[in-house]
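This report refers to the structure that appears directly beneath it.
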Amino acid sequence: WPDYYSITFRSPKTRQLTGIDIDLSKDLGRELGVTVRYVDSSFAQLQDNLLKDVCDIAMHAVGITPQRAARLAFTAPYLRSDIYAIAPRNSRAVQTWADLDQPGRVLAVQAGTVMEPVMQQALRQAKVLVVRPPATREQEVAAGRADAFMTDYPYSRRMVDLTDWARVIAPPSVFHQTDYAYALAPGDDSLLRRVNAYIRAIKKDGRLLIAARKHQLDPIVVKD
C-alpha cells in the first residue's frame with residue numbers, strides 16, 4: 001500500500017518508496033538472491049492480489065484478523081499497534097478519547113483496514129463512516145463529514161510529521177492491539193518458512209529494531 005507512512009510510503013514529490021517494509025523487503029530480496037518488484041496494493045485489494053497471484057507476498061504491515069487468517073497465510077508478527085484517533089486541533093467536539101463515542105459523532109475508517117470491523121463493533125453511539133478511494137479519511141474530516149478518523153501508530157506518525165492541524169488522541173488504556181505480519185496465499189509453505197526464518201533472524205541480530213528506529217516505529221516492535 002503506497003500510502004502507508006513509515007511502512008510503504010511513496011513520496012508525492014520524488015515518487016520514491018520509503019518505510020520499514022521497503023527496507024526489509026530489499027534486505028529479504030538480497031538474502032533470497034532475487035530482484036524485488038513492487039506491486040501497488042491496498043487493504044481492500046489485499047486478498048485478491050495474493051489469491052490471484054498478482055504478487056507473492058504482502059509486505060505492508062498487514063494486521064492479522066480472524067477474517068484474513070481464514071483465507072491467507074501469515075508470518076510471525078513483527079509489529080503490534082493499538083488504534084488511535086486523529087481529530088483537528090481546533091475541534092471543540094473531540095479533544096479526548098471519551099469524546100469519540102458520543103451521540104452525533106461520525107468517525108471515519110479506511111475500507112478494508114482493521115479499524116473498520118473493530119470500530120463498527122465497539123461504538124455504541126457514534127456512527128462509522130467507511131471511506132473508499134479516491135476519498136480519504138483526512139478529506140472527510142476536513143470537509144466536516146467526520147469528526148475524527150481512526151488509524152494505527154504508523155499512520156498517526158504521518159499526521160504528526162506532515163500536517164499542522166492534526167491532534168493524535170491515544171486510548172487511555174489498551175483498546176484493541178493488532179499484530180502486524182506479512183501475508184501470503186495459502187499453500188506457499190516453502191516461502192512462508194523462509195520468510196519466518198528471516199523474521200526470526202532480524203529480531204535476533206537487531207536488524208528489525210534498527211529499521212524500526214530509522215522510521216520511528218521502535219515503540220511498536222515485536223521483539224520476541
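Identifiers for the C-alpha cells are assigned positionally: chains receive A, B, ... in sequence, residues are indexed from 1 per chain, and ligands are indexed from 1 in the order shown.
Within 9 Å of Pro2 in chain A, once only C-alpha atoms are used and residues closer than 5 positions along the same chain are dropped, the contacting residues are Ile7, Thr8, Phe9, Arg10, Ser11, Leu17, Thr18, Asp40, Ser41, Ser42 and His60 of chain A.
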Taking the DSSP assignment computed from this structure's backbone, write out as a PDB file with C-alpha atoms, in the first residue's frame all residues of range 30-101 of chain A that belong to strand (DSSP E).
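After the write, states_25.pdb holds the following:
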ATOM      1  CA  ALA A  58       2.178  -8.604   1.027  1.00  0.00           C
ATOM      2  CA  MET A  59       4.837  -6.680   2.933  1.00  0.00           C
ATOM      3  CA  HIS A  60       2.922  -3.652   4.208  1.00  0.00           C
ATOM      4  CA  ALA A  61       2.231  -4.315   7.891  1.00  0.00           C
ATOM      5  CA  VAL A  62      -0.875  -6.436   7.394  1.00  0.00           C
ATOM      6  CA  GLY A  63      -2.943  -6.721  10.549  1.00  0.00           C
ATOM      7  CA  ALA A  73      -1.232 -17.410   5.476  1.00  0.00           C
ATOM      8  CA  PHE A  74       0.620 -15.111   7.877  1.00  0.00           C
ATOM      9  CA  LEU A  79       4.868  -5.011  14.803  1.00  0.00           C
ATOM     10  CA  ARG A  80       1.949  -4.505  17.205  1.00  0.00           C
ATOM     11  CA  SER A  81      -0.219  -1.384  17.271  1.00  0.00           C
ATOM     12  CA  ILE A  83      -5.864   2.192  17.449  1.00  0.00           C
ATOM     13  CA  TYR A  84      -5.608   5.990  17.617  1.00  0.00           C
ATOM     14  CA  ALA A  85      -7.954   8.846  16.734  1.00  0.00           C
ATOM     15  CA  ILE A  86      -6.964  11.824  14.603  1.00  0.00           C
ATOM     16  CA  ALA A  87      -9.012  14.984  15.128  1.00  0.00           C
ATOM     17  CA  PRO A  88      -8.468  18.645  14.209  1.00  0.00           C
TER      18      PRO A  88
END
Practice item. Excluding Ile199 in chain A and any residue of its chain fewer than 3 positions from it, enumerate the residues within 12 Å of it, using only C-alpha atoms, and give them as a VMD selection string. Key: chain A and resid 21 24 to 25 27 to 28 31 74 to 79 181 to 182 192 to 196 202 to 209 221 to 224
Residues as selected, C-alpha atoms, written as a PDB file, in the first residue's frame, can you do that?
ATOM      1  CA  ASP A  21       8.948  -2.672   4.812  1.00  0.00           C
ATOM      2  CA  LEU A  24      13.199  -5.056   4.889  1.00  0.00           C
ATOM      3  CA  SER A  25      11.852  -6.272   1.541  1.00  0.00           C
ATOM      4  CA  ASP A  27      17.060  -6.964   2.571  1.00  0.00           C
ATOM      5  CA  LEU A  28      14.955 -10.117   2.184  1.00  0.00           C
ATOM      6  CA  GLU A  31      19.084 -12.894   1.148  1.00  0.00           C
ATOM      7  CA  PHE A  74       0.620 -15.111   7.877  1.00  0.00           C
ATOM      8  CA  THR A  75       4.196 -14.966   9.057  1.00  0.00           C
ATOM      9  CA  ALA A  76       5.142 -14.372  12.661  1.00  0.00           C
ATOM     10  CA  PRO A  77       4.259 -10.818  13.757  1.00  0.00           C
ATOM     11  CA  TYR A  78       6.899  -8.091  13.796  1.00  0.00           C
ATOM     12  CA  LEU A  79       4.868  -5.011  14.803  1.00  0.00           C
ATOM     13  CA  ALA A 181       2.824  -9.538   9.829  1.00  0.00           C
ATOM     14  CA  TYR A 182       3.418 -10.388   6.188  1.00  0.00           C
ATOM     15  CA  LEU A 192       6.380 -18.926   4.339  1.00  0.00           C
ATOM     16  CA  ARG A 193       9.024 -20.963   6.186  1.00  0.00           C
ATOM     17  CA  ARG A 194      11.834 -18.949   4.601  1.00  0.00           C
ATOM     18  CA  VAL A 195      10.269 -15.582   5.470  1.00  0.00           C
ATOM     19  CA  ASN A 196       9.610 -16.734   9.028  1.00  0.00           C
ATOM     20  CA  ILE A 202      16.312  -9.931  12.083  1.00  0.00           C
ATOM     21  CA  LYS A 203      14.738  -9.957  15.525  1.00  0.00           C
ATOM     22  CA  LYS A 204      17.770 -11.760  16.945  1.00  0.00           C
ATOM     23  CA  ASP A 205      20.527  -9.810  15.205  1.00  0.00           C
ATOM     24  CA  GLY A 206      18.926  -6.383  15.647  1.00  0.00           C
ATOM     25  CA  ARG A 207      18.123  -5.569  12.018  1.00  0.00           C
ATOM     26  CA  LEU A 208      14.413  -5.240  12.788  1.00  0.00           C
ATOM     27  CA  LEU A 209      14.974  -2.778  15.617  1.00  0.00           C
ATOM     28  CA  VAL A 221       8.273  -3.597  17.511  1.00  0.00           C
ATOM     29  CA  VAL A 222       7.552  -7.205  18.496  1.00  0.00           C
ATOM     30  CA  LYS A 223      10.906  -8.359  19.794  1.00  0.00           C
ATOM     31  CA  ASP A 224      10.211 -11.999  20.629  1.00  0.00           C
TER      32      ASP A 224
END
Study note, to complete from the structure: Between A:Leu100, A:Ala212, A:Ala197, A:Met150, smallest distance to Gly19 in chain A by only C-alpha atoms belongs to A:Ala212
Point to revise | Contact residues around Val54 in chain A with only C-alpha atoms at 12 Å, ignoring same-chain residues under 2 positions, as number ranges by chain | key: A: 37-41, 45-52, 56-58, 184-185
With N, CA, C and O atoms kept, could you save the residues just selected as a PDB file, in the first residue's frame?
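Resulting contents of result_4.pdb:
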ATOM      1  N   ARG A  37      10.256  -6.825  -6.995  1.00  0.00           N
ATOM      2  CA  ARG A  37       9.377  -5.981  -7.812  1.00  0.00           C
ATOM      3  C   ARG A  37       8.163  -5.619  -6.974  1.00  0.00           C
ATOM      4  O   ARG A  37       7.502  -6.491  -6.423  1.00  0.00           O
ATOM      5  N   TYR A  38       7.870  -4.324  -6.889  1.00  0.00           N
ATOM      6  CA  TYR A  38       6.761  -3.854  -6.058  1.00  0.00           C
ATOM      7  C   TYR A  38       5.482  -3.735  -6.879  1.00  0.00           C
ATOM      8  O   TYR A  38       5.490  -3.254  -8.008  1.00  0.00           O
ATOM      9  N   VAL A  39       4.395  -4.192  -6.286  1.00  0.00           N
ATOM     10  CA  VAL A  39       3.065  -4.120  -6.885  1.00  0.00           C
ATOM     11  C   VAL A  39       2.180  -3.274  -5.981  1.00  0.00           C
ATOM     12  O   VAL A  39       2.020  -3.583  -4.798  1.00  0.00           O
ATOM     13  N   ASP A  40       1.617  -2.200  -6.530  1.00  0.00           N
ATOM     14  CA  ASP A  40       0.717  -1.370  -5.728  1.00  0.00           C
ATOM     15  C   ASP A  40      -0.490  -2.185  -5.281  1.00  0.00           C
ATOM     16  O   ASP A  40      -1.100  -2.903  -6.076  1.00  0.00           O
ATOM     17  N   SER A  41      -0.841  -2.046  -4.011  1.00  0.00           N
ATOM     18  CA  SER A  41      -1.978  -2.765  -3.464  1.00  0.00           C
ATOM     19  C   SER A  41      -2.672  -1.875  -2.445  1.00  0.00           C
ATOM     20  O   SER A  41      -2.385  -0.685  -2.339  1.00  0.00           O
ATOM     21  N   GLN A  45      -7.731  -4.530  -1.538  1.00  0.00           N
ATOM     22  CA  GLN A  45      -7.322  -5.420  -2.626  1.00  0.00           C
ATOM     23  C   GLN A  45      -6.438  -6.571  -2.165  1.00  0.00           C
ATOM     24  O   GLN A  45      -6.085  -7.451  -2.950  1.00  0.00           O
ATOM     25  N   LEU A  46      -6.072  -6.559  -0.904  1.00  0.00           N
ATOM     26  CA  LEU A  46      -5.067  -7.472  -0.367  1.00  0.00           C
ATOM     27  C   LEU A  46      -5.328  -8.930  -0.726  1.00  0.00           C
ATOM     28  O   LEU A  46      -4.466  -9.604  -1.301  1.00  0.00           O
ATOM     29  N   GLN A  47      -6.490  -9.423  -0.390  1.00  0.00           N
ATOM     30  CA  GLN A  47      -6.755 -10.849  -0.587  1.00  0.00           C
ATOM     31  C   GLN A  47      -6.770 -11.221  -2.060  1.00  0.00           C
ATOM     32  O   GLN A  47      -6.178 -12.236  -2.457  1.00  0.00           O
ATOM     33  N   ASP A  48      -7.426 -10.432  -2.889  1.00  0.00           N
ATOM     34  CA  ASP A  48      -7.468 -10.739  -4.317  1.00  0.00           C
ATOM     35  C   ASP A  48      -6.071 -10.748  -4.933  1.00  0.00           C
ATOM     36  O   ASP A  48      -5.745 -11.615  -5.746  1.00  0.00           O
ATOM     37  N   ASN A  49      -5.247  -9.781  -4.554  1.00  0.00           N
ATOM     38  CA  ASN A  49      -3.908  -9.698  -5.140  1.00  0.00           C
ATOM     39  C   ASN A  49      -3.054 -10.912  -4.790  1.00  0.00           C
ATOM     40  O   ASN A  49      -2.246 -11.372  -5.604  1.00  0.00           O
ATOM     41  N   LEU A  50      -3.235 -11.454  -3.595  1.00  0.00           N
ATOM     42  CA  LEU A  50      -2.478 -12.644  -3.206  1.00  0.00           C
ATOM     43  C   LEU A  50      -3.085 -13.911  -3.799  1.00  0.00           C
ATOM     44  O   LEU A  50      -2.373 -14.748  -4.355  1.00  0.00           O
ATOM     45  N   LEU A  51      -4.388 -14.054  -3.697  1.00  0.00           N
ATOM     46  CA  LEU A  51      -5.032 -15.286  -4.148  1.00  0.00           C
ATOM     47  C   LEU A  51      -5.018 -15.430  -5.667  1.00  0.00           C
ATOM     48  O   LEU A  51      -5.038 -16.558  -6.183  1.00  0.00           O
ATOM     49  N   LYS A  52      -4.962 -14.304  -6.374  1.00  0.00           N
ATOM     50  CA  LYS A  52      -4.909 -14.348  -7.842  1.00  0.00           C
ATOM     51  C   LYS A  52      -3.481 -14.250  -8.366  1.00  0.00           C
ATOM     52  O   LYS A  52      -3.275 -14.073  -9.564  1.00  0.00           O
ATOM     53  N   ASP A  56       3.510 -12.149  -4.712  1.00  0.00           N
ATOM     54  CA  ASP A  56       3.864 -13.336  -3.931  1.00  0.00           C
ATOM     55  C   ASP A  56       3.678 -13.134  -2.433  1.00  0.00           C
ATOM     56  O   ASP A  56       3.383 -14.094  -1.713  1.00  0.00           O
ATOM     57  N   ILE A  57       3.885 -11.901  -1.980  1.00  0.00           N
ATOM     58  CA  ILE A  57       3.835 -11.628  -0.552  1.00  0.00           C
ATOM     59  C   ILE A  57       3.428 -10.179  -0.337  1.00  0.00           C
ATOM     60  O   ILE A  57       3.830  -9.294  -1.097  1.00  0.00           O
ATOM     61  N   ALA A  58       2.587  -9.960   0.662  1.00  0.00           N
ATOM     62  CA  ALA A  58       2.178  -8.604   1.027  1.00  0.00           C
ATOM     63  C   ALA A  58       3.038  -8.148   2.193  1.00  0.00           C
ATOM     64  O   ALA A  58       2.896  -8.647   3.309  1.00  0.00           O
ATOM     65  N   LEU A 184       0.709 -14.150   2.799  1.00  0.00           N
ATOM     66  CA  LEU A 184       0.927 -14.912   1.578  1.00  0.00           C
ATOM     67  C   LEU A 184      -0.342 -15.694   1.257  1.00  0.00           C
ATOM     68  O   LEU A 184      -1.203 -15.879   2.116  1.00  0.00           O
ATOM     69  N   ALA A 185      -0.434 -16.166   0.027  1.00  0.00           N
ATOM     70  CA  ALA A 185      -1.527 -17.064  -0.332  1.00  0.00           C
ATOM     71  C   ALA A 185      -1.303 -18.417   0.334  1.00  0.00           C
ATOM     72  O   ALA A 185      -0.163 -18.861   0.491  1.00  0.00           O
TER      73      ALA A 185
END
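Minimum atom-to-atom distances from A:Arg105, A:Arg132, A:His215, A:Arg30 to Tyr4 in chain A were compared using only C-alpha atoms, and the lowest value belongs to A:His215.
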